[in-house]
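Peer 1: This is entry-v7.tsv, which holds TSV, C-alpha atoms and all ligand atoms:
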```
chain	number	residue	atom	x	y	z
A	22	MET	CA	13.80	30.68	1.38
A	23	LYS	CA	14.86	28.68	-1.62
A	24	GLY	CA	16.24	25.26	-0.75
A	25	SER	CA	15.07	25.35	2.86
A	26	GLY	CA	13.70	21.85	2.45
A	27	THR	CA	10.16	22.46	3.65
A	28	ILE	CA	7.24	20.51	2.14
A	29	ALA	CA	6.09	23.73	0.46
A	30	ASP	CA	9.46	24.16	-1.23
A	31	ASN	CA	9.87	20.52	-2.12
A	32	PRO	CA	6.45	18.86	-2.16
A	33	PHE	CA	7.76	15.56	-3.52
A	34	GLY	CA	10.68	15.32	-1.08
A	35	GLY	CA	13.17	15.03	-3.92
A	36	ARG	CA	11.32	12.03	-5.37
A	37	HIS	CA	10.15	11.75	-8.94
A	38	PRO	CA	6.37	12.34	-8.63
A	39	THR	CA	4.31	9.23	-9.27
A	40	SER	CA	1.78	9.05	-12.12
A	41	HIS	CA	-1.02	9.68	-9.62
A	42	GLU	CA	0.75	12.82	-8.37
A	43	ARG	CA	1.38	14.04	-11.90
A	44	LEU	CA	-2.29	13.48	-12.75
A	45	THR	CA	-3.64	15.26	-9.68
A	46	ARG	CA	-0.78	17.81	-9.62
A	47	LEU	CA	-0.63	17.25	-5.88
A	48	PRO	CA	1.75	15.28	-3.68
A	49	TRP	CA	0.20	12.34	-1.83
A	50	ASP	CA	0.57	14.28	1.41
A	51	ALA	CA	-2.15	16.71	0.28
A	52	SER	CA	-4.70	13.86	0.51
A	53	TYR	CA	-4.23	13.83	4.28
A	54	GLN	CA	-4.20	17.56	5.01
A	55	ASP	CA	-7.92	18.30	4.86
A	56	GLY	CA	-9.74	15.56	6.77
A	57	PRO	CA	-9.79	11.84	6.07
A	58	ALA	CA	-9.02	10.72	2.53
A	59	PRO	CA	-11.63	8.54	0.74
A	60	TRP	CA	-9.74	5.34	1.61
A	61	ASP	CA	-8.99	6.37	5.20
A	62	ILE	CA	-11.81	4.44	6.88
A	63	GLY	CA	-10.50	4.49	10.46
A	64	GLN	CA	-10.29	0.72	10.68
A	65	PRO	CA	-8.41	-2.08	8.94
A	66	GLN	CA	-9.61	-3.48	5.65
A	67	PRO	CA	-11.78	-6.57	6.30
A	68	ALA	CA	-9.64	-8.60	3.87
A	69	ILE	CA	-6.59	-7.95	6.06
A	70	VAL	CA	-8.49	-8.76	9.25
A	71	ARG	CA	-9.67	-12.05	7.72
A	72	VAL	CA	-6.24	-13.17	6.52
A	73	ALA	CA	-4.63	-12.13	9.78
A	74	SER	CA	-7.20	-14.15	11.74
A	75	GLU	CA	-6.29	-17.17	9.59
A	76	GLY	CA	-2.64	-16.84	10.58
A	77	GLY	CA	-1.61	-15.50	7.19
A	78	PHE	CA	0.94	-13.05	8.56
A	79	THR	CA	4.28	-14.48	9.65
A	80	GLY	CA	7.72	-13.06	10.32
A	81	ALA	CA	8.48	-9.37	10.09
A	82	VAL	CA	5.73	-7.51	8.25
A	83	LEU	CA	5.96	-4.57	5.84
A	84	ASP	CA	2.95	-2.40	4.97
A	85	ALA	CA	3.81	-0.61	1.70
A	86	GLY	CA	1.88	2.66	1.42
A	87	CYS	CA	0.53	2.34	4.95
A	88	GLY	CA	-1.39	5.64	5.03
A	89	THR	CA	-2.60	6.37	8.56
A	90	GLY	CA	-1.70	2.86	9.61
A	91	GLU	CA	-4.92	0.97	10.38
A	92	ASN	CA	-3.82	-2.22	8.64
A	93	ALA	CA	-0.32	-2.10	10.14
A	94	LEU	CA	-1.74	-1.42	13.61
A	95	HIS	CA	-4.15	-4.33	13.32
A	96	VAL	CA	-1.42	-6.80	12.37
A	97	ALA	CA	0.86	-5.44	15.09
A	98	SER	CA	-1.94	-5.84	17.66
A	99	LEU	CA	-1.69	-9.59	17.01
A	100	GLY	CA	1.91	-9.54	18.20
A	101	LEU	CA	3.81	-9.23	14.94
A	102	SER	CA	6.65	-6.81	14.25
A	103	VAL	CA	5.42	-4.32	11.64
A	104	LEU	CA	7.00	-1.52	9.62
A	105	GLY	CA	4.68	0.83	7.75
A	106	VAL	CA	6.16	3.01	5.02
A	107	ASP	CA	4.63	5.88	3.13
A	108	VAL	CA	5.66	9.09	1.37
A	109	ALA	CA	2.97	11.18	3.06
A	110	GLU	CA	4.42	12.68	6.24
A	111	THR	CA	1.01	13.84	7.43
A	112	ALA	CA	-0.33	10.27	7.21
A	113	LEU	CA	2.71	8.97	9.07
A	114	ALA	CA	2.23	11.53	11.84
A	115	ILE	CA	-1.41	10.42	12.24
A	116	ALA	CA	-0.31	6.77	12.25
A	117	ARG	CA	2.33	7.42	14.95
A	118	GLN	CA	-0.26	9.22	17.07
A	119	LYS	CA	-2.63	6.24	16.78
A	120	SER	CA	0.20	3.93	17.74
A	121	ASP	CA	0.87	6.01	20.88
A	122	ASP	CA	-2.82	6.39	21.74
A	123	ARG	CA	-3.53	2.67	21.40
A	124	GLY	CA	-0.29	1.47	22.94
A	125	ILE	CA	0.45	-0.68	19.88
A	126	GLU	CA	4.07	-0.66	18.80
A	127	VAL	CA	4.53	-0.10	15.07
A	128	GLU	CA	7.43	1.54	13.26
A	129	PHE	CA	6.31	4.10	10.70
A	130	ALA	CA	8.88	5.55	8.30
A	131	ALA	CA	8.97	7.93	5.35
A	132	VAL	CA	10.26	5.63	2.61
A	133	ASP	CA	9.60	5.59	-1.12
A	134	ALA	CA	8.08	2.26	-2.17
A	135	PHE	CA	10.30	2.35	-5.26
A	136	GLN	CA	13.41	2.33	-3.05
A	137	LEU	CA	12.63	-0.31	-0.45
A	138	GLU	CA	16.04	-1.93	-0.82
A	139	ARG	CA	17.40	1.13	1.00
A	140	LEU	CA	15.79	-0.26	4.16
A	141	GLY	CA	18.46	-2.96	4.28
A	142	ARG	CA	15.86	-5.27	5.82
A	143	THR	CA	13.74	-8.18	4.66
A	144	PHE	CA	10.20	-9.26	5.53
A	145	GLY	CA	8.32	-12.53	5.71
A	146	THR	CA	5.01	-10.89	4.83
A	147	VAL	CA	4.28	-7.73	2.87
A	148	MET	CA	0.91	-6.07	2.37
A	149	ASP	CA	-0.19	-3.53	-0.19
A	150	CYS	CA	-3.67	-2.13	0.36
A	151	GLY	CA	-4.40	0.30	-2.43
A	152	LEU	CA	-0.87	1.22	-3.49
A	153	PHE	CA	-0.19	-0.99	-6.54
A	154	HIS	CA	-3.36	0.21	-8.26
A	155	THR	CA	-2.17	3.83	-8.11
A	156	PHE	CA	0.83	3.02	-10.33
A	157	ASP	CA	0.61	2.99	-14.10
A	158	GLY	CA	2.09	0.29	-16.31
A	159	ASP	CA	5.44	2.07	-16.62
A	160	GLU	CA	5.84	2.28	-12.85
A	161	ARG	CA	4.87	-1.27	-11.96
A	162	PRO	CA	8.13	-3.06	-12.89
A	163	GLY	CA	10.15	-0.77	-10.61
A	164	TYR	CA	7.71	-1.20	-7.75
A	165	VAL	CA	7.55	-4.98	-8.17
A	166	ALA	CA	11.37	-5.18	-8.17
A	167	SER	CA	11.52	-2.97	-5.10
A	168	LEU	CA	9.06	-5.28	-3.29
A	169	ALA	CA	11.08	-8.31	-4.38
A	170	SER	CA	14.25	-6.79	-2.91
A	171	VAL	CA	12.79	-6.84	0.62
A	172	THR	CA	10.60	-9.97	0.57
A	173	GLU	CA	12.17	-13.15	1.88
A	174	HIS	CA	12.34	-16.30	-0.23
A	175	ASP	CA	8.94	-18.02	0.11
A	176	GLY	CA	7.57	-14.86	1.73
A	177	THR	CA	4.06	-13.68	0.96
A	178	LEU	CA	2.70	-10.49	-0.54
A	179	TYR	CA	-0.98	-9.71	0.03
A	180	LEU	CA	-2.23	-7.16	-2.47
A	181	LEU	CA	-5.67	-5.56	-2.30
A	182	CYS	CA	-6.53	-3.44	-5.34
A	183	PHE	CA	-9.56	-2.17	-7.21
A	184	SER	CA	-10.75	-4.72	-9.77
A	185	ASP	CA	-11.90	-4.04	-13.33
A	186	ASP	CA	-15.56	-4.41	-12.37
A	187	PRO	CA	-17.48	-1.42	-13.83
A	188	ASP	CA	-18.55	-0.36	-10.32
A	189	THR	CA	-15.05	-0.16	-8.93
A	190	GLY	CA	-12.86	2.80	-7.98
A	191	PRO	CA	-10.69	5.15	-10.04
A	192	HIS	CA	-7.80	2.74	-10.72
A	193	PRO	CA	-9.23	-0.48	-12.24
A	194	ILE	CA	-6.84	-3.44	-12.43
A	195	THR	CA	-7.38	-6.67	-14.37
A	196	GLN	CA	-6.23	-10.09	-13.18
A	197	GLU	CA	-4.03	-10.17	-16.26
A	198	GLU	CA	-2.27	-6.96	-15.19
A	199	LEU	CA	-1.48	-8.56	-11.83
A	200	ARG	CA	-0.12	-11.67	-13.54
A	201	VAL	CA	1.99	-9.61	-15.96
A	202	ALA	CA	3.50	-7.68	-13.05
A	203	PHE	CA	4.05	-10.68	-10.76
A	204	ASN	CA	5.45	-13.76	-12.48
A	205	PRO	CA	8.51	-16.02	-12.23
A	206	GLY	CA	10.45	-13.61	-14.44
A	207	THR	CA	10.03	-10.85	-11.85
A	208	GLY	CA	10.61	-13.21	-8.91
A	209	TRP	CA	7.03	-14.01	-7.97
A	210	ASN	CA	4.35	-16.63	-8.30
A	211	VAL	CA	0.68	-15.64	-8.08
A	212	ALA	CA	-0.88	-18.20	-5.72
A	213	ALA	CA	-4.43	-16.82	-5.84
A	214	ILE	CA	-6.49	-13.88	-7.02
A	215	GLU	CA	-9.89	-13.76	-5.34
A	216	PRO	CA	-12.74	-11.26	-5.75
A	217	ASP	CA	-13.05	-9.10	-2.65
A	218	ARG	CA	-14.07	-5.60	-1.57
A	219	ILE	CA	-12.12	-2.45	-0.68
A	220	GLN	CA	-13.95	-0.44	1.92
A	221	THR	CA	-13.95	3.30	1.32
A	222	ARG	CA	-15.70	6.27	2.88
A	223	TYR	CA	-17.95	6.48	-0.19
A	224	HIS	CA	-19.10	2.89	-0.77
A	225	ASP	CA	-21.73	1.38	1.54
A	226	ASN	CA	-20.44	-2.12	0.97
A	227	GLY	CA	-16.99	-1.41	-0.41
A	228	ALA	CA	-15.79	-1.30	-4.01
A	229	PRO	CA	-15.11	-4.41	-6.12
A	230	ALA	CA	-11.53	-5.52	-5.61
A	231	TRP	CA	-9.01	-8.28	-6.12
A	232	PHE	CA	-7.25	-9.81	-3.16
A	233	ALA	CA	-4.08	-11.41	-4.49
A	234	THR	CA	-1.83	-13.80	-2.60
A	235	ILE	CA	1.59	-13.70	-4.23
A	236	LYS	CA	4.60	-15.77	-3.23
A	237	ARG	CA	8.21	-14.65	-3.53
A	238	LEU	CA	10.35	-17.23	-5.31
A	301	LIG	C1	-4.87	4.65	-1.56
A	301	LIG	S1	-3.78	5.05	-0.25
A	301	LIG	C2	-3.91	3.60	0.79
A	301	LIG	C3	-3.35	3.83	2.19
A	301	LIG	C4	-3.46	2.66	3.14
A	301	LIG	N1	-2.81	1.48	2.63
A	301	LIG	C5	-4.89	2.36	3.49
A	301	LIG	O1	-5.36	1.26	3.20
A	301	LIG	O2	-5.53	3.24	4.09
A	301	LIG	C6	-2.18	4.84	-1.02
A	301	LIG	C7	-1.04	5.22	-0.10
A	301	LIG	O3	0.20	4.96	-0.74
A	301	LIG	C8	1.07	6.05	-0.47
A	301	LIG	N2	2.07	6.10	-1.55
A	301	LIG	C9	1.88	6.52	-2.83
A	301	LIG	N3	3.02	6.44	-3.52
A	301	LIG	C10	3.95	5.96	-2.66
A	301	LIG	C11	5.33	5.65	-2.79
A	301	LIG	N4	5.99	5.82	-3.94
A	301	LIG	N5	5.98	5.16	-1.71
A	301	LIG	C12	5.32	4.97	-0.52
A	301	LIG	N6	4.03	5.26	-0.34
A	301	LIG	C13	3.34	5.73	-1.40
A	301	LIG	C14	0.16	7.26	-0.39
A	301	LIG	O4	0.74	8.34	0.30
A	301	LIG	C15	-1.06	6.69	0.31
A	301	LIG	O5	-0.94	6.81	1.69
```
In structure tokens, how does this file's structure come out?
Peer 2:
Amino acid sequence: MKGSGTIADNPFGGRHPTSHERLTRLPWDASYQDGPAPWDIGQPQPAIVRVASEGGFTGAVLDAGCGTGENALHVASLGLSVLGVDVAETALAIARQKSDDRGIEVEFAAVDAFQLERLGRTFGTVMDCGLFHTFDGDERPGYVASLASVTEHDGTLYLLCFSDDPDTGPHPITQEELRVAFNPGTGWNVAAIEPDRIQTRYHDNGAPAWFATIKRL
């Protein structure tokens, strides 16, 4: 029935499809409907585990583009309050099931990362594992502003993305692109960009990545 509001009728949930969705002609949710997606490794990214073990997460935590929630669940298991947001309802359902099964309290919500201000909440720490690199240059300013709207003054954004190494994944990002997106003019200061790895289901030792620590002004 037209206008019934099902995913089949309205695959993008009324959102403007992202560049990745326009390229693949599929909503993000489709990535989760036929077994684990390439990035869905069933455990947190080692970079997040390392920073969390160093006490790098403080205050309320937001996981932007949380997928099936492994990173959010890991940080929450350390006793922090965590909200994971994603546009893929199937991923969120899997994340909520993990939360129940493991007895780890995490809030998972269907929220567009371009509209985070609608949350009406702010966070001391935000993480982005593999979301920024899916956005093209035209989308980045809106996403960066959306992140800024919910990150507390002096709060920290940890961003893990594919690097521009030739052996990296499908969305290579240069350090310069990170610095263009996050700078004092957009409300941020890049504190560090370190070479790292993103683990995937298809790389034995992960793909070359940047791990950026970015402070909200
Ligand atoms: C490469 S996956 C990474 C997922 C997760 N962070 C992980 O490490 O497994 C990117 C995620 O961002 C989500 N995403 C894409 N565009 C989004 C948007 N505009 N708002 C919220 N989530 C989005 C996708 O549905 C997908 O789950």
Peer 1: Just the residues within 9 Å of stretch 179-183 of chain A, please, counting only C-alpha atoms, with nothing from its chain fewer than 4 positions along; format it as a VMD selection string.
Peer 2: chain A and resid 68 to 69 146 to 155 189 to 195 217 to 219 228 to 236
Peer 1: Could the residues in this selection be written to a file with C-alpha atoms, as an mmCIF file, in the frame of the given file?
Peer 2:
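As a result, again-v5.cif now contains:
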```
data_model
loop_
_atom_site.group_PDB
_atom_site.id
_atom_site.type_symbol
_atom_site.label_atom_id
_atom_site.label_comp_id
_atom_site.auth_asym_id
_atom_site.auth_seq_id
_atom_site.Cartn_x
_atom_site.Cartn_y
_atom_site.Cartn_z
ATOM 1 C CA ALA A 68 -9.640 -8.600 3.870
ATOM 2 C CA ILE A 69 -6.590 -7.950 6.060
ATOM 3 C CA THR A 146 5.010 -10.890 4.830
ATOM 4 C CA VAL A 147 4.280 -7.730 2.870
ATOM 5 C CA MET A 148 0.910 -6.070 2.370
ATOM 6 C CA ASP A 149 -0.190 -3.530 -0.190
ATOM 7 C CA CYS A 150 -3.670 -2.130 0.360
ATOM 8 C CA GLY A 151 -4.400 0.300 -2.430
ATOM 9 C CA LEU A 152 -0.870 1.220 -3.490
ATOM 10 C CA PHE A 153 -0.190 -0.990 -6.540
ATOM 11 C CA HIS A 154 -3.360 0.210 -8.260
ATOM 12 C CA THR A 155 -2.170 3.830 -8.110
ATOM 13 C CA THR A 189 -15.050 -0.160 -8.930
ATOM 14 C CA GLY A 190 -12.860 2.800 -7.980
ATOM 15 C CA PRO A 191 -10.690 5.150 -10.040
ATOM 16 C CA HIS A 192 -7.800 2.740 -10.720
ATOM 17 C CA PRO A 193 -9.230 -0.480 -12.240
ATOM 18 C CA ILE A 194 -6.840 -3.440 -12.430
ATOM 19 C CA THR A 195 -7.380 -6.670 -14.370
ATOM 20 C CA ASP A 217 -13.050 -9.100 -2.650
ATOM 21 C CA ARG A 218 -14.070 -5.600 -1.570
ATOM 22 C CA ILE A 219 -12.120 -2.450 -0.680
ATOM 23 C CA ALA A 228 -15.790 -1.300 -4.010
ATOM 24 C CA PRO A 229 -15.110 -4.410 -6.120
ATOM 25 C CA ALA A 230 -11.530 -5.520 -5.610
ATOM 26 C CA TRP A 231 -9.010 -8.280 -6.120
ATOM 27 C CA PHE A 232 -7.250 -9.810 -3.160
ATOM 28 C CA ALA A 233 -4.080 -11.410 -4.490
ATOM 29 C CA THR A 234 -1.830 -13.800 -2.600
ATOM 30 C CA ILE A 235 1.590 -13.700 -4.230
ATOM 31 C CA LYS A 236 4.600 -15.770 -3.230
#
```
Peer 1: Between A:Ala109, A:Val103, A:Ala202, A:Leu238, single out the one closest to ligand LIG 301 (chain A), counting only C-alpha atoms and all ligand atoms.
Peer 2: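 Comparing A:Ala109, A:Val103, A:Ala202, A:Leu238 against ligand LIG 301 (chain A), the winner is A:Ala109.
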Peer 1: Given a cut-off of 7 Å, what residues near ligand LIG 301 (chain A) show up using only C-alpha atoms and all ligand atoms, put as number ranges by chain?
Peer 2: A: 39, 49-50, 60-62, 66, 85-92, 106-109, 112, 132-135, 149-152
Peer 1: Would you export the selected residues with C-alpha atoms as a compact mmCIF listing (two decimals), in the coordinates of the input, please?
Peer 2:
```
# COMPACT_ATOMS: atom_id res chain seq x y z
CA THR A 39 4.31 9.23 -9.27
CA TRP A 49 0.20 12.34 -1.83
CA ASP A 50 0.57 14.28 1.41
CA TRP A 60 -9.74 5.34 1.61
CA ASP A 61 -8.99 6.37 5.20
CA ILE A 62 -11.81 4.44 6.88
CA GLN A 66 -9.61 -3.48 5.65
CA ALA A 85 3.81 -0.61 1.70
CA GLY A 86 1.88 2.66 1.42
CA CYS A 87 0.53 2.34 4.95
CA GLY A 88 -1.39 5.64 5.03
CA THR A 89 -2.60 6.37 8.56
CA GLY A 90 -1.70 2.86 9.61
CA GLU A 91 -4.92 0.97 10.38
CA ASN A 92 -3.82 -2.22 8.64
CA VAL A 106 6.16 3.01 5.02
CA ASP A 107 4.63 5.88 3.13
CA VAL A 108 5.66 9.09 1.37
CA ALA A 109 2.97 11.18 3.06
CA ALA A 112 -0.33 10.27 7.21
CA VAL A 132 10.26 5.63 2.61
CA ASP A 133 9.60 5.59 -1.12
CA ALA A 134 8.08 2.26 -2.17
CA PHE A 135 10.30 2.35 -5.26
CA ASP A 149 -0.19 -3.53 -0.19
CA CYS A 150 -3.67 -2.13 0.36
CA GLY A 151 -4.40 0.30 -2.43
CA LEU A 152 -0.87 1.22 -3.49
```
Peer 1: Choose the residue, out of A:Asp84, A:Leu137, A:Val127, A:Pro216, that has the smallest atom-to-atom separation from A:Ala97; count only C-alpha atoms.
Peer 2: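 Selected residue with least distance to A:Ala97: A:Val127.
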Peer 1: Have a look at atom CA of A:Gly208 and atom CA of A:Ala81 and let me know their distance in Å, one decimal.
Peer 2: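 Separation between atom CA of A:Gly208 and atom CA of A:Ala81: 19.5 Å.
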Peer 1: With only C-alpha atoms as the basis for distance, which of A:Pro67, A:Phe203, A:Gly34, A:Val72 is at the shortest distance from A:Gln220?
Peer 2: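 For A:Gln220, the nearest of the given residues is A:Pro67.
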Peer 1: For a cut-off of 8 Å around (-13.0, 8.0, -1.2), file coordinates, pick out all residues using only C-alpha atoms and list them as a PyMOL selection string.
Peer 2: chain A and resi 58-61+221-224
Peer 1: Could you name the residues that touch A:Phe33 at 9 Å or less, counting all atoms listed in the file, but leaving out those on the same chain fewer than 2 positions away, as a list in words?
Peer 2: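 Everything that qualifies: Ile28, Asn31, Gly35, Arg36, His37, Pro38, Glu42, Leu47, Pro48, Trp49, Asp50 and Val108 of chain A.
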Peer 1: For stretch 170-172 of chain A, find every residue with an atom within 7 Å (counting only C-alpha atoms), except residues of its own chain fewer than 5 positions away, and show them as a PyMOL selection string.
Peer 2: chain A and resi 137-138+142-145+237
Peer 1: If we count all atoms listed in the file and set the cut-off at 12 Å, which residues sit around A:Gly76, ignoring sequence neighbours fewer than 4 positions away in its own chain? Please answer as a ChimeraX atom specification.
Peer 2: /A:69-72,80,96,99-101,146
Peer 1: Which value, in Å to one decimal, gives the distance between atom CA of A:Asp122 and atom CA of A:Leu94?
Peer 2: 11.3 Å
Peer 1: Could you tell me which of A:Asp121, A:Glu198, A:Glu126, A:Asp175 comes closest to A:Arg161 if we count only C-alpha atoms?
Peer 2: A:Glu198
Peer 1: Rounded to one decimal in Å, what is the spacing between atom CA of A:Ile214 and atom CA of A:Gly176?
Peer 2: 16.6 Å
Peer 1: Which residue is closest to A:Gly63? Choose from A:Ala131, A:Gly141, A:His95, A:Asn204 and count only C-alpha atoms.
Peer 2: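 Selected residue with least distance to A:Gly63: A:His95.
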Peer 1: Rebuild N, CA and C atoms on stretch 199-229 of chain A, as an mmCIF file, in the frame of the given file?
Peer 2:
```
data_model
loop_
_atom_site.group_PDB
_atom_site.id
_atom_site.type_symbol
_atom_site.label_atom_id
_atom_site.label_comp_id
_atom_site.auth_asym_id
_atom_site.auth_seq_id
_atom_site.Cartn_x
_atom_site.Cartn_y
_atom_site.Cartn_z
ATOM 1 N N LEU A 199 -2.185 -8.043 -13.006
ATOM 2 C CA LEU A 199 -1.480 -8.560 -11.830
ATOM 3 C C LEU A 199 -0.511 -9.667 -12.236
ATOM 4 N N ARG A 200 -0.971 -10.538 -13.149
ATOM 5 C CA ARG A 200 -0.120 -11.670 -13.540
ATOM 6 C C ARG A 200 1.055 -11.218 -14.409
ATOM 7 N N VAL A 201 0.866 -10.150 -15.164
ATOM 8 C CA VAL A 201 1.990 -9.610 -15.960
ATOM 9 C C VAL A 201 3.041 -9.000 -15.018
ATOM 10 N N ALA A 202 2.566 -8.333 -13.974
ATOM 11 C CA ALA A 202 3.500 -7.680 -13.050
ATOM 12 C C ALA A 202 4.232 -8.702 -12.173
ATOM 13 N N PHE A 203 3.483 -9.704 -11.706
ATOM 14 C CA PHE A 203 4.050 -10.680 -10.760
ATOM 15 C C PHE A 203 4.102 -12.045 -11.435
ATOM 16 N N ASN A 204 5.285 -12.467 -11.797
ATOM 17 C CA ASN A 204 5.450 -13.760 -12.480
ATOM 18 C C ASN A 204 6.861 -14.255 -12.184
ATOM 19 N N PRO A 205 7.173 -15.491 -12.553
ATOM 20 C CA PRO A 205 8.510 -16.020 -12.230
ATOM 21 C C PRO A 205 9.641 -15.146 -12.768
ATOM 22 N N GLY A 206 9.404 -14.476 -13.882
ATOM 23 C CA GLY A 206 10.450 -13.610 -14.440
ATOM 24 C C GLY A 206 10.755 -12.417 -13.565
ATOM 25 N N THR A 207 9.790 -11.994 -12.753
ATOM 26 C CA THR A 207 10.030 -10.850 -11.850
ATOM 27 C C THR A 207 10.226 -11.330 -10.409
ATOM 28 N N GLY A 208 10.289 -12.681 -10.242
ATOM 29 C CA GLY A 208 10.610 -13.210 -8.910
ATOM 30 C C GLY A 208 9.421 -13.601 -8.076
ATOM 31 N N TRP A 209 8.271 -13.769 -8.717
ATOM 32 C CA TRP A 209 7.030 -14.010 -7.970
ATOM 33 C C TRP A 209 6.201 -15.110 -8.598
ATOM 34 N N ASN A 210 5.329 -15.676 -7.801
ATOM 35 C CA ASN A 210 4.350 -16.630 -8.300
ATOM 36 C C ASN A 210 2.981 -16.257 -7.715
ATOM 37 N N VAL A 211 2.023 -15.979 -8.576
ATOM 38 C CA VAL A 211 0.680 -15.640 -8.080
ATOM 39 C C VAL A 211 0.008 -16.929 -7.594
ATOM 40 N N ALA A 212 -0.250 -16.998 -6.288
ATOM 41 C CA ALA A 212 -0.880 -18.200 -5.720
ATOM 42 C C ALA A 212 -2.386 -18.140 -5.870
ATOM 43 N N ALA A 213 -2.973 -16.961 -5.746
ATOM 44 C CA ALA A 213 -4.430 -16.820 -5.840
ATOM 45 C C ALA A 213 -4.801 -15.377 -6.098
ATOM 46 N N ILE A 214 -5.859 -15.198 -6.870
ATOM 47 C CA ILE A 214 -6.490 -13.880 -7.020
ATOM 48 C C ILE A 214 -7.975 -14.091 -6.791
ATOM 49 N N GLU A 215 -8.479 -13.538 -5.710
ATOM 50 C CA GLU A 215 -9.890 -13.760 -5.340
ATOM 51 C C GLU A 215 -10.648 -12.436 -5.414
ATOM 52 N N PRO A 216 -11.928 -12.472 -5.831
ATOM 53 C CA PRO A 216 -12.740 -11.260 -5.750
ATOM 54 C C PRO A 216 -12.969 -10.864 -4.300
ATOM 55 N N ASP A 217 -12.899 -9.579 -4.029
ATOM 56 C CA ASP A 217 -13.050 -9.100 -2.650
ATOM 57 C C ASP A 217 -13.646 -7.700 -2.700
ATOM 58 N N ARG A 218 -13.571 -6.976 -1.621
ATOM 59 C CA ARG A 218 -14.070 -5.600 -1.570
ATOM 60 C C ARG A 218 -13.002 -4.719 -0.915
ATOM 61 N N ILE A 219 -12.886 -3.476 -1.391
ATOM 62 C CA ILE A 219 -12.120 -2.450 -0.680
ATOM 63 C C ILE A 219 -13.120 -1.504 -0.051
ATOM 64 N N GLN A 220 -13.062 -1.391 1.254
ATOM 65 C CA GLN A 220 -13.950 -0.440 1.920
ATOM 66 C C GLN A 220 -13.421 0.976 1.706
ATOM 67 N N THR A 221 -14.328 1.899 1.431
ATOM 68 C CA THR A 221 -13.950 3.300 1.320
ATOM 69 C C THR A 221 -14.976 4.122 2.102
ATOM 70 N N ARG A 222 -14.743 5.400 2.193
ATOM 71 C CA ARG A 222 -15.700 6.270 2.880
ATOM 72 C C ARG A 222 -16.932 6.535 2.012
ATOM 73 N N TYR A 223 -16.873 6.129 0.726
ATOM 74 C CA TYR A 223 -17.950 6.480 -0.190
ATOM 75 C C TYR A 223 -18.699 5.284 -0.769
ATOM 76 N N HIS A 224 -18.373 4.085 -0.332
ATOM 77 C CA HIS A 224 -19.100 2.890 -0.770
ATOM 78 C C HIS A 224 -19.738 2.254 0.456
ATOM 79 N N ASP A 225 -21.055 1.987 0.388
ATOM 80 C CA ASP A 225 -21.730 1.380 1.540
ATOM 81 C C ASP A 225 -21.181 -0.005 1.835
ATOM 82 N N ASN A 226 -20.921 -0.754 0.771
ATOM 83 C CA ASN A 226 -20.440 -2.120 0.970
ATOM 84 C C ASN A 226 -19.088 -2.331 0.291
ATOM 85 N N GLY A 227 -18.303 -1.291 0.209
ATOM 86 C CA GLY A 227 -16.990 -1.410 -0.410
ATOM 87 C C GLY A 227 -17.066 -1.415 -1.930
ATOM 88 N N ALA A 228 -15.905 -1.285 -2.550
ATOM 89 C CA ALA A 228 -15.790 -1.300 -4.010
ATOM 90 C C ALA A 228 -15.238 -2.650 -4.448
ATOM 91 N N PRO A 229 -15.630 -3.124 -5.637
ATOM 92 C CA PRO A 229 -15.110 -4.410 -6.120
ATOM 93 C C PRO A 229 -13.585 -4.396 -6.198
#
```
